[in-house]
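> Supplied structure: start-v2.cif, mmCIF, C-alpha atoms and all ligand atoms.
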data_coords
#
loop_
_atom_site.label_atom_id
_atom_site.label_comp_id
_atom_site.auth_asym_id
_atom_site.auth_seq_id
_atom_site.Cartn_x
_atom_site.Cartn_y
_atom_site.Cartn_z
CA MET A 1 16.73 5.10 14.82
CA GLY A 2 18.79 8.27 15.01
CA VAL A 3 18.49 11.08 12.51
CA GLN A 4 21.85 12.04 10.94
CA ALA A 5 23.07 15.67 11.04
CA GLY A 6 23.01 15.85 7.22
CA GLU A 7 19.42 14.66 7.25
CA ILE A 8 18.44 17.35 9.75
CA VAL A 9 19.93 20.03 7.51
CA ALA A 10 18.25 18.54 4.44
CA VAL A 11 14.91 18.40 6.26
CA ALA A 12 15.26 22.02 7.43
CA ILE A 13 15.94 23.16 3.85
CA LEU A 14 12.97 21.15 2.57
CA PHE A 15 10.69 22.76 5.17
CA CYS A 16 11.85 26.28 4.36
CA ARG A 17 11.48 25.83 0.62
CA ALA A 18 8.05 24.28 1.04
CA ARG A 19 6.67 26.81 3.54
CA VAL A 20 5.50 29.43 1.06
CA SER A 21 4.00 26.94 -1.37
CA ILE A 22 2.12 25.15 1.44
CA LEU A 23 0.78 28.44 2.74
CA LYS A 24 -0.54 29.37 -0.69
CA HIS A 25 -1.94 25.91 -1.28
CA CYS A 26 -3.64 25.46 2.07
CA THR A 27 -5.32 28.82 2.19
CA GLY A 28 -6.89 28.20 -1.23
CA ARG A 29 -10.06 26.12 -1.41
CA LYS A 30 -8.55 23.66 -3.91
CA GLY A 31 -5.81 22.36 -1.63
CA SER A 32 -7.42 22.77 1.75
CA GLY A 33 -8.54 19.16 2.09
CA SER A 34 -5.16 17.63 1.29
CA ILE A 35 -3.13 15.84 3.92
CA PRO A 36 -0.28 18.31 4.39
CA CYS A 37 -2.93 20.99 4.73
CA LEU A 38 -4.81 19.08 7.39
CA PHE A 39 -1.52 18.96 9.31
CA PHE A 40 -0.82 22.61 8.54
CA ASN A 41 -4.37 23.59 9.43
CA ARG A 42 -4.14 21.69 12.70
CA LEU A 43 -1.03 23.66 13.59
CA THR A 44 -2.43 27.03 12.57
CA GLY A 45 -6.12 26.63 13.30
CA PHE A 46 -6.98 27.42 9.67
CA HIS A 47 -10.14 25.60 8.57
CA MET A 48 -11.93 25.03 5.25
CA PRO A 49 -15.30 23.26 5.32
CA SER A 50 -15.39 20.02 3.34
CA GLY A 51 -18.22 18.61 1.18
CA PRO A 52 -20.77 16.01 2.26
CA ALA A 53 -19.69 12.36 2.24
CA ALA A 54 -21.74 9.95 0.14
CA GLN A 55 -22.63 6.37 0.92
CA MET A 56 -20.65 3.29 -0.06
CA PRO A 57 -22.33 0.62 -2.20
CA PRO A 58 -22.99 -2.82 -0.62
CA GLN A 59 -20.38 -5.49 -1.28
CA THR A 60 -20.72 -9.03 -2.61
CA PRO A 61 -17.97 -11.62 -2.30
CA PRO A 62 -16.30 -13.01 -5.43
CA GLN A 63 -16.31 -16.76 -6.05
CA PRO A 64 -12.98 -18.55 -5.44
CA GLY A 65 -10.64 -18.22 -8.41
CA GLN A 66 -13.31 -16.50 -10.49
CA PRO A 67 -12.81 -13.10 -12.10
CA ILE A 68 -15.56 -10.80 -10.89
CA ALA A 69 -17.05 -7.64 -12.23
CA GLY A 70 -16.27 -5.18 -9.48
CA GLN A 71 -18.96 -6.13 -6.98
CA GLY A 72 -16.73 -5.90 -3.94
CA ALA A 73 -14.63 -3.10 -5.29
CA ALA A 74 -15.36 0.54 -4.90
CA GLN A 75 -17.33 1.92 -7.80
CA ASN A 76 -18.22 5.47 -6.99
CA SER A 77 -18.88 7.94 -4.24
CA THR A 78 -16.86 8.78 -1.12
CA ASN A 79 -16.94 7.64 2.46
CA ARG A 80 -14.47 6.10 4.84
CA GLY A 81 -15.38 2.53 5.80
CA ALA A 82 -19.04 3.34 5.43
CA ALA A 83 -20.37 -0.17 4.82
CA ALA A 84 -19.77 -3.62 6.22
CA GLY A 85 -17.50 -5.92 4.22
CA ALA A 86 -18.78 -9.08 2.57
CA SER A 87 -17.38 -11.13 5.46
CA GLY A 88 -19.75 -9.31 7.80
CA GLY A 89 -17.05 -7.19 9.49
CA ALA A 90 -16.11 -3.56 8.95
CA SER A 91 -15.22 -2.47 5.44
CA THR A 92 -11.57 -1.68 4.79
CA VAL A 93 -12.40 0.43 1.75
CA ASP A 94 -12.02 4.19 1.98
CA LEU A 95 -13.73 5.47 -1.13
CA ALA A 96 -11.92 8.81 -1.07
CA GLU A 97 -8.65 6.88 -1.32
CA ILE A 98 -10.05 4.71 -4.10
CA GLU A 99 -11.01 7.82 -6.06
CA LYS A 100 -7.43 9.08 -5.75
CA PHE A 101 -6.07 5.82 -7.14
CA ALA A 102 -8.67 5.67 -9.90
CA ALA A 103 -7.57 9.13 -11.05
CA MET A 104 -3.95 7.95 -11.33
CA ALA A 105 -4.60 4.48 -12.74
CA GLU A 106 -3.35 5.16 -16.28
CA ALA A 107 0.10 5.98 -14.85
CA TRP A 108 0.84 2.61 -13.23
CA TRP A 109 3.38 1.35 -15.76
CA ASP A 110 5.11 4.66 -16.48
CA PRO A 111 8.47 4.37 -14.66
CA ALA A 112 8.86 8.16 -14.68
CA GLY A 113 5.23 8.89 -13.75
CA LYS A 114 3.18 9.14 -10.57
CA PHE A 115 4.20 5.67 -9.37
CA ARG A 116 7.90 6.26 -9.91
CA PRO A 117 8.74 5.57 -6.24
CA LEU A 118 7.11 2.13 -6.46
CA HIS A 119 9.07 1.37 -9.64
CA ARG A 120 12.26 2.40 -7.84
CA LEU A 121 11.26 0.28 -4.81
CA ASN A 122 10.64 -2.85 -6.85
CA PRO A 123 14.16 -4.33 -7.09
CA VAL A 124 14.77 -4.23 -3.33
CA ARG A 125 11.33 -5.52 -2.32
CA VAL A 126 11.23 -8.29 -4.94
CA GLY A 127 14.63 -9.51 -3.68
CA PHE A 128 13.53 -9.33 -0.03
CA ILE A 129 10.33 -11.29 -0.66
CA ARG A 130 12.01 -13.88 -2.92
CA ASP A 131 14.80 -14.57 -0.42
CA ARG A 132 12.56 -14.82 2.65
CA VAL A 133 9.99 -17.03 0.90
CA ALA A 134 12.72 -19.29 -0.50
CA GLN A 135 14.31 -19.62 2.92
CA HIS A 136 11.01 -20.35 4.67
CA PHE A 137 9.80 -22.93 2.16
CA GLY A 138 13.21 -24.55 1.61
CA ARG A 139 13.78 -23.30 -1.92
CA ASP A 140 16.91 -22.12 -3.70
CA PRO A 141 16.50 -18.35 -4.28
CA SER A 142 18.80 -18.55 -7.33
CA ASP A 143 16.47 -21.08 -8.96
CA PRO A 144 14.64 -19.51 -11.94
CA ALA A 145 11.26 -20.26 -10.30
CA PRO A 146 11.88 -20.44 -6.53
CA LEU A 147 8.21 -19.75 -5.69
CA ALA A 148 6.84 -22.57 -7.91
CA GLY A 149 3.73 -24.22 -6.53
CA LEU A 150 3.13 -21.60 -3.82
CA SER A 151 -0.13 -19.67 -3.73
CA LEU A 152 0.38 -15.93 -3.33
CA VAL A 153 -2.10 -13.09 -3.09
CA ASP A 154 -1.14 -9.45 -3.58
CA ILE A 155 -3.71 -7.35 -1.68
CA GLY A 156 -4.03 -3.84 -3.09
CA CYS A 157 -1.99 -4.85 -6.12
CA GLY A 158 -2.58 -1.60 -8.01
CA GLY A 159 -1.48 -1.99 -11.62
CA GLY A 160 0.47 -5.17 -10.80
CA LEU A 161 4.00 -3.75 -10.41
CA LEU A 162 4.88 -6.33 -7.77
CA THR A 163 2.30 -8.94 -8.77
CA GLU A 164 3.90 -9.70 -12.14
CA PRO A 165 7.42 -10.32 -10.77
CA MET A 166 5.90 -12.76 -8.24
CA ALA A 167 4.27 -14.72 -11.09
CA ARG A 168 7.60 -14.69 -12.93
CA LEU A 169 9.20 -16.27 -9.85
CA GLY A 170 6.80 -19.18 -10.31
CA ALA A 171 4.05 -18.51 -7.74
CA GLU A 172 0.35 -19.05 -8.50
CA VAL A 173 -0.61 -15.43 -8.14
CA THR A 174 -3.86 -13.63 -7.41
CA GLY A 175 -3.93 -9.83 -7.38
CA VAL A 176 -6.83 -7.99 -5.78
CA ASP A 177 -7.53 -4.29 -5.64
CA ALA A 178 -10.53 -2.23 -4.56
CA THR A 179 -10.04 0.20 -7.45
CA PRO A 180 -11.63 -1.50 -10.47
CA ARG A 181 -9.66 0.63 -12.98
CA ASN A 182 -6.40 -0.62 -11.45
CA ILE A 183 -7.47 -4.19 -12.09
CA GLU A 184 -8.30 -3.39 -15.72
CA ILE A 185 -4.85 -1.87 -16.19
CA ALA A 186 -3.18 -4.79 -14.41
CA ARG A 187 -5.02 -7.38 -16.50
CA LEU A 188 -4.15 -5.64 -19.74
CA HIS A 189 -0.47 -5.36 -18.81
CA ALA A 190 -0.25 -9.01 -17.73
CA GLU A 191 -1.86 -10.09 -21.00
CA GLN A 192 0.56 -7.98 -23.03
CA SER A 193 3.52 -9.32 -21.03
CA GLY A 194 2.40 -12.94 -21.21
CA VAL A 195 2.31 -13.28 -17.40
CA ARG A 196 -0.34 -15.47 -15.76
CA VAL A 197 -2.11 -13.70 -12.86
CA THR A 198 -5.72 -13.92 -11.65
CA TYR A 199 -6.85 -10.37 -11.01
CA LEU A 200 -9.97 -9.60 -8.96
CA PRO A 201 -11.52 -6.20 -8.33
CA CYS A 202 -12.34 -6.54 -4.65
CA ALA A 203 -11.21 -5.71 -1.12
CA ALA A 204 -9.32 -7.94 1.29
CA GLU A 205 -12.45 -8.82 3.28
CA ASP A 206 -14.29 -9.89 0.13
CA LEU A 207 -11.58 -12.45 -0.51
CA VAL A 208 -12.03 -13.81 3.02
CA ALA A 209 -15.62 -14.62 2.13
CA THR A 210 -14.37 -17.09 -0.53
CA GLY A 211 -12.71 -19.25 2.14
CA GLN A 212 -9.46 -19.28 0.13
CA THR A 213 -6.15 -19.21 2.07
CA TYR A 214 -2.62 -18.50 0.79
CA ASP A 215 1.01 -19.51 1.40
CA VAL A 216 2.18 -15.94 0.87
CA ILE A 217 0.32 -12.65 1.27
CA LEU A 218 1.66 -9.30 0.13
CA ALA A 219 0.11 -6.15 1.61
CA MET A 220 2.57 -3.57 0.37
CA GLU A 221 2.01 0.17 0.73
CA ILE A 222 -1.70 -0.33 1.38
CA ILE A 223 -2.33 -0.27 5.14
CA GLU A 224 -2.01 3.55 5.19
CA HIS A 225 -4.83 3.74 2.62
CA VAL A 226 -7.44 1.47 4.25
CA ALA A 227 -10.46 2.68 6.20
CA ASP A 228 -10.06 0.34 9.15
CA VAL A 229 -6.59 -1.00 9.99
CA ASP A 230 -7.87 -3.55 12.52
CA ALA A 231 -10.44 -4.97 10.07
CA PHE A 232 -7.73 -5.08 7.40
CA ILE A 233 -5.33 -7.05 9.62
CA ALA A 234 -8.19 -9.33 10.65
CA ALA A 235 -8.83 -10.11 6.98
CA LEU A 236 -5.12 -10.77 6.34
CA SER A 237 -4.96 -13.16 9.30
CA ARG A 238 -7.87 -15.15 7.93
CA LEU A 239 -6.32 -15.36 4.45
CA LEU A 240 -2.97 -16.69 5.69
CA LYS A 241 -2.25 -20.43 5.84
CA PRO A 242 -0.96 -21.72 9.22
CA ASN A 243 2.58 -22.03 7.80
CA GLY A 244 2.24 -18.95 5.60
CA LEU A 245 4.18 -15.71 5.34
CA LEU A 246 2.75 -12.20 5.25
CA PHE A 247 4.74 -9.23 3.95
CA LEU A 248 3.66 -5.72 4.91
CA ALA A 249 5.24 -2.47 3.80
CA THR A 250 4.27 1.01 4.93
CA MET A 251 5.63 4.26 6.33
CA SER A 252 6.18 5.14 9.97
CA ARG A 253 4.56 8.22 11.49
CA THR A 254 7.64 10.28 12.43
CA ALA A 255 8.80 13.88 11.90
CA LYS A 256 11.30 12.51 9.41
CA SER A 257 8.62 10.75 7.34
CA TYR A 258 6.55 13.95 7.31
CA ALA A 259 9.55 15.89 6.02
CA LEU A 260 10.68 13.35 3.46
CA ALA A 261 7.56 11.46 2.35
CA ILE A 262 5.08 14.37 2.43
CA ILE A 263 6.97 17.64 2.06
CA GLY A 264 9.89 16.17 0.12
CA ALA A 265 8.16 13.66 -2.17
CA GLU A 266 4.86 15.52 -2.73
CA TYR A 267 5.82 19.22 -2.49
CA ILE A 268 9.48 19.57 -3.40
CA LEU A 269 10.37 16.68 -5.69
CA ARG A 270 6.75 16.27 -6.85
CA TRP A 271 7.25 12.53 -7.18
CA LEU A 272 3.64 12.04 -6.07
CA PRO A 273 0.55 14.23 -6.46
CA ARG A 274 -0.07 16.37 -3.38
CA GLY A 275 -2.37 14.61 -0.95
CA THR A 276 -1.40 11.09 -2.05
CA HIS A 277 -0.51 10.27 1.53
CA ASP A 278 -2.09 11.20 4.84
CA TRP A 279 0.74 11.35 7.37
CA ASN A 280 -1.74 10.77 10.19
CA ARG A 281 -2.40 7.32 8.76
CA PHE A 282 1.22 6.19 8.66
CA VAL A 283 1.72 3.26 11.04
CA ARG A 284 4.61 2.96 13.49
CA PRO A 285 6.24 -0.48 13.75
CA SER A 286 5.14 -0.74 17.41
CA GLU A 287 1.52 -0.03 16.42
CA LEU A 288 1.71 -2.57 13.63
CA ALA A 289 3.10 -5.19 16.02
CA ARG A 290 0.25 -4.53 18.49
CA GLY A 291 -2.37 -4.72 15.75
CA LEU A 292 -0.94 -7.96 14.40
CA ARG A 293 -0.77 -9.55 17.87
CA ARG A 294 -4.50 -8.96 18.33
CA HIS A 295 -5.05 -11.31 15.38
CA GLY A 296 -2.55 -14.02 16.28
CA LEU A 297 0.28 -12.73 14.08
CA GLY A 298 3.82 -11.70 14.98
CA ILE A 299 6.61 -9.77 13.28
CA ALA A 300 9.52 -12.10 12.51
CA GLU A 301 11.69 -9.45 10.84
CA LEU A 302 11.57 -5.69 10.38
CA THR A 303 13.73 -3.84 7.90
CA GLY A 304 13.96 -0.22 6.91
CA VAL A 305 14.01 0.77 3.25
CA SER A 306 16.04 3.91 2.56
CA TYR A 307 16.39 6.04 -0.53
CA ASN A 308 19.85 6.81 -1.86
CA PRO A 309 19.56 10.04 -3.92
CA PHE A 310 23.00 9.55 -5.46
CA LYS A 311 22.08 6.16 -6.90
CA ASP A 312 18.36 6.98 -7.27
CA SER A 313 17.59 3.64 -5.70
CA PHE A 314 16.25 2.14 -2.50
CA ASN A 315 18.13 -0.31 -0.32
CA LEU A 316 17.48 -2.28 2.87
CA SER A 317 18.59 -0.37 5.96
CA ARG A 318 18.25 -0.29 9.74
CA ASP A 319 16.36 3.01 9.59
CA LEU A 320 12.67 2.36 10.36
CA ASP A 321 11.75 6.06 10.48
CA VAL A 322 10.31 6.37 6.97
CA ASN A 323 9.72 3.31 4.73
CA TYR A 324 9.86 -0.14 6.26
CA MET A 325 8.86 -3.73 5.54
CA ALA A 326 7.73 -6.40 7.98
CA LEU A 327 7.90 -10.16 7.56
CA VAL A 328 4.99 -11.59 9.56
CA LYS A 329 4.12 -15.13 10.64
CA PRO A 330 1.33 -16.71 12.65
CA ALA A 331 2.40 -16.31 16.30
C1 LIG B 401 -0.04 2.67 -2.94
S1 LIG B 401 -0.94 1.48 -3.82
C2 LIG B 401 0.13 0.09 -3.64
C3 LIG B 401 0.15 -0.81 -4.87
C4 LIG B 401 1.01 -2.07 -4.74
N1 LIG B 401 0.71 -2.80 -3.53
C5 LIG B 401 2.46 -1.72 -4.78
O1 LIG B 401 3.07 -1.61 -3.70
O2 LIG B 401 3.00 -1.59 -5.87
C6 LIG B 401 -2.31 1.05 -2.76
C7 LIG B 401 -3.37 0.24 -3.47
O3 LIG B 401 -4.28 -0.29 -2.51
C8 LIG B 401 -5.59 -0.28 -3.07
N2 LIG B 401 -6.53 -0.35 -1.94
C9 LIG B 401 -6.80 0.60 -1.03
N3 LIG B 401 -7.67 0.13 -0.11
C10 LIG B 401 -7.90 -1.17 -0.43
C11 LIG B 401 -8.67 -2.22 0.17
N4 LIG B 401 -9.35 -2.01 1.29
N5 LIG B 401 -8.66 -3.44 -0.42
C12 LIG B 401 -7.97 -3.65 -1.57
N6 LIG B 401 -7.24 -2.69 -2.18
C13 LIG B 401 -7.19 -1.47 -1.61
C14 LIG B 401 -5.62 0.98 -3.88
O4 LIG B 401 -6.61 0.94 -4.89
C15 LIG B 401 -4.20 1.02 -4.45
O5 LIG B 401 -4.13 0.40 -5.70
#
Could you render the structure from this file as structure tokens?


Amino acid sequence: MGVQAGEIVAVAILFCRARVSILKHCTGRKGSGSIPCLFFNRLTGFHMPSGPAAQMPPQTPPQPGQPIAGQGAAQNSTNRGAAAGASGGASTVDLAEIEKFAAMAEAWWDPAGKFRPLHRLNPVRVGFIRDRVAQHFGRDPSDPAPLAGLSLVDIGCGGGLLTEPMARLGAEVTGVDATPRNIEIARLHAEQSGVRVTYLPCAAEDLVATGQTYDVILAMEIIEHVADVDAFIAALSRLLKPNGLLFLATMSRTAKSYALAIIGAEYILRWLPRGTHDWNRFVRPSELARGLRRHGLGIAELTGVSYNPFKDSFNLSRDLDVNYMALVKPA
């Protein structure tokens, strides 16, 4: 995908305006561990020692359809993929990431708060998922409940921003998240909204241990936060029914995504707290396709999702350089 001239100018301005604030931030102890600083430090050779990593607690699988009390979910401490998952494979839980989400959990349902981008993304992604699922399963997307009777799991559901609309479209919905506080927030909101969702505080691999499989899996904006991408995709492949659909959304690792999603969103616009994203963990579509193929899955459709600052909204686009969504099927 080509970068437009206007975008190059905008990116250059963003970089210049951010330069001084990054310098200040990265040379101070407080900000030195954040993602932009790791990038900055790599470029400049600047280094701040980081603290010792702690161990991850062992995980226990939940029972099918049963709410659980956070056994499989992260509860404390920090380490990246330190323990094996309940299914016996590598853990997908990065406890440093979980701590970040736990600290922001109260903000999930504030449309002007830390999860504003996800609120703004919701209309376009709900429409994309509804239309593709309806088409695949022979439903009418204009029906009030086009997903009726389908089982759907939202992996890394956060506070339930996308989970609730799926239940409203008629699906039998399970939401799982490795941050227990997110699940508490999601449950409370669903109760208050009168929406029926089964929420479980656990990781993807814990769900595999239940033996449950699903017609539709959502793994939106999560793959860049997991400890082990291959183990995560392996878990998704085992949760998907043979005729099922998997939706993945993430950000590609390009210069443009660094400028817009890190410098722009975290440093200039301050849409997200600094360090929310690690650019090094963004996944290019080609890498995603390779990872999926290893587990018998294939990308059926790829679409970019672009932000329109004039309308303050996202729309589907052909630009895969920053945000994109993939519709995935068993190969
Ligand atoms: C950026 S949020 C995305 C929330 C939601 N999917 C959305 O798009 O609105 C990522 C979520 O993934 C969760 N998460 C990270 N690693 C996970 C794992 N291995 N298993 C389950 N959830 C995980 C985090 O707690 C966080 O709530």

> Scan for residues within 9 Å of the point (-11.4, 2.0, -12.4) in the coordinates of the file, using all atoms listed in the file, and reply as a list of chain:residue names.

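Checking each residue against the 9 Å limit leaves A:Ala74, A:Gln75, A:Ile98, A:Glu99, A:Phe101, A:Ala102, A:Ala103, A:Ala105, A:Ala178, A:Thr179, A:Pro180, A:Arg181, A:Asn182, A:Ile183, A:Glu184, A:Ile185.
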
> Those residues with C-alpha atoms, as a PDB file, in the coordinates of the input please?


ATOM      1  CA  ALA A  74     -15.360   0.540  -4.900  1.00  0.00           C
ATOM      2  CA  GLN A  75     -17.330   1.920  -7.800  1.00  0.00           C
ATOM      3  CA  ILE A  98     -10.050   4.710  -4.100  1.00  0.00           C
ATOM      4  CA  GLU A  99     -11.010   7.820  -6.060  1.00  0.00           C
ATOM      5  CA  PHE A 101      -6.070   5.820  -7.140  1.00  0.00           C
ATOM      6  CA  ALA A 102      -8.670   5.670  -9.900  1.00  0.00           C
ATOM      7  CA  ALA A 103      -7.570   9.130 -11.050  1.00  0.00           C
ATOM      8  CA  ALA A 105      -4.600   4.480 -12.740  1.00  0.00           C
ATOM      9  CA  ALA A 178     -10.530  -2.230  -4.560  1.00  0.00           C
ATOM     10  CA  THR A 179     -10.040   0.200  -7.450  1.00  0.00           C
ATOM     11  CA  PRO A 180     -11.630  -1.500 -10.470  1.00  0.00           C
ATOM     12  CA  ARG A 181      -9.660   0.630 -12.980  1.00  0.00           C
ATOM     13  CA  ASN A 182      -6.400  -0.620 -11.450  1.00  0.00           C
ATOM     14  CA  ILE A 183      -7.470  -4.190 -12.090  1.00  0.00           C
ATOM     15  CA  GLU A 184      -8.300  -3.390 -15.720  1.00  0.00           C
ATOM     16  CA  ILE A 185      -4.850  -1.870 -16.190  1.00  0.00           C
TER      17      ILE A 185
END

> Would you mind listing, for every residue of chain A within 6 Å of ligand LIG 401 (chain B), the two atoms forming the shortest contact and the distance between them in Å to one decimal, using all atoms listed in the file, sorted by chain and ascending residue number, as CSV?


residue,atom,partner,partner_atom,distance
A:Thr92,CA,B:LIG401,N4,4.2
A:Val93,CA,B:LIG401,N4,3.9
A:Ile98,CA,B:LIG401,O4,5.2
A:Phe101,CA,B:LIG401,O4,5.4
A:Leu118,CA,B:LIG401,O2,5.6
A:Ile155,CA,B:LIG401,C12,5.6
A:Gly156,CA,B:LIG401,N6,3.5
A:Cys157,CA,B:LIG401,N1,4.3
A:Gly158,CA,B:LIG401,O5,3.4
A:Leu161,CA,B:LIG401,O2,5.1
A:Leu162,CA,B:LIG401,O2,5.4
A:Asp177,CA,B:LIG401,N6,3.8
A:Ala178,CA,B:LIG401,N6,4.1
A:Thr179,CA,B:LIG401,O4,4.3
A:Ala203,CA,B:LIG401,N5,3.5
A:Ala204,CA,B:LIG401,N5,4.9
A:Met220,CA,B:LIG401,N1,4.4
A:Glu221,CA,B:LIG401,C2,4.8
A:Ile222,CA,B:LIG401,C6,4.4
A:His225,CA,B:LIG401,C9,5.2
A:Val226,CA,B:LIG401,N3,4.6

> Taking all atoms listed in the file into account, which of A:Arg274, A:Arg238, A:Arg290, A:Arg168 comes nearest Lys100 in chain A?

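Closest candidate: A:Arg274.
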
> Using only C-alpha atoms, find the one residue out of A:Gly170, A:Pro123, A:Pro285, A:Gly291 that sits nearest to Ser151 in chain A.

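Checking each candidate against Ser151 in chain A, we get A:Gly170 as the closest.
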
> Using Å and a single decimal, report how far CA of Leu150 in chain A sits from CA of Glu301 in chain A.

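Separation between CA of Glu301 in chain A and CA of Leu150 in chain A: 20.9 Å.
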
> Near Thr276 in chain A, within 8 Å and counting all atoms listed in the file, which residues show up once chain neighbours fewer than 3 positions away are dropped, as JSON, numbers by chain?

{"A": [35, 100, 266, 272, 273]}

> With C-alpha atoms kept, could you save the residues just selected as a PDB file, in the frame of the given file?


ATOM      1  CA  ILE A  35      -3.130  15.840   3.920  1.00  0.00           C
ATOM      2  CA  LYS A 100      -7.430   9.080  -5.750  1.00  0.00           C
ATOM      3  CA  GLU A 266       4.860  15.520  -2.730  1.00  0.00           C
ATOM      4  CA  LEU A 272       3.640  12.040  -6.070  1.00  0.00           C
ATOM      5  CA  PRO A 273       0.550  14.230  -6.460  1.00  0.00           C
TER       6      PRO A 273
END

> Please report the interatomic distance between CA of His277 in chain A and CA of Arg253 in chain A in Å with one decimal.

11.4 Å

> Which residue, A:Asp140, A:Ala265, A:Leu152, A:Ala190, has the smallest gap to Arg116 in chain A when you use all atoms listed in the file?

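Checking each of A:Asp140, A:Ala265, A:Leu152, A:Ala190 against Arg116 in chain A, counting all atoms listed in the file, the winner is A:Ala265.
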
> Would you please work out which residue, of A:Asp230, A:Asp110, A:Glu205, A:Asp321, is nearest to Ser252 in chain A when using all atoms listed in the file?

A:Asp321

> Return the single residue from A:Arg125, A:His295, A:Arg318, A:His136 that is closest to Met166 in chain A, with distances computed using all atoms listed in the file.

A:Arg125

> Considering only C-alpha atoms, state which residue in the set A:Thr213, A:Asn315, A:Asn280, A:Asn323 is at the smallest distance from Val126 in chain A.

A:Asn315

> What is the CA of Gly244 in chain A-CA of Val305 in chain A distance in Å, reported with one decimal?

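Interatomic distance, CA of Gly244 in chain A to CA of Val305 in chain A: 23.1 Å.
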
> Arg132 in chain A: which residues within 10 Å, counting all atoms listed in the file, same-chain residues fewer than 5 positions away excluded, as number ranges by chain?

A: 127, 137-139, 141, 245, 247, 301, 327

> List the residues sitting within 9 Å of (3.8, -12.4, 17.0) in the file's frame, using only C-alpha atoms, as a PyMOL selection string.

chain A and resi 289-290+292-293+296-300+328-331
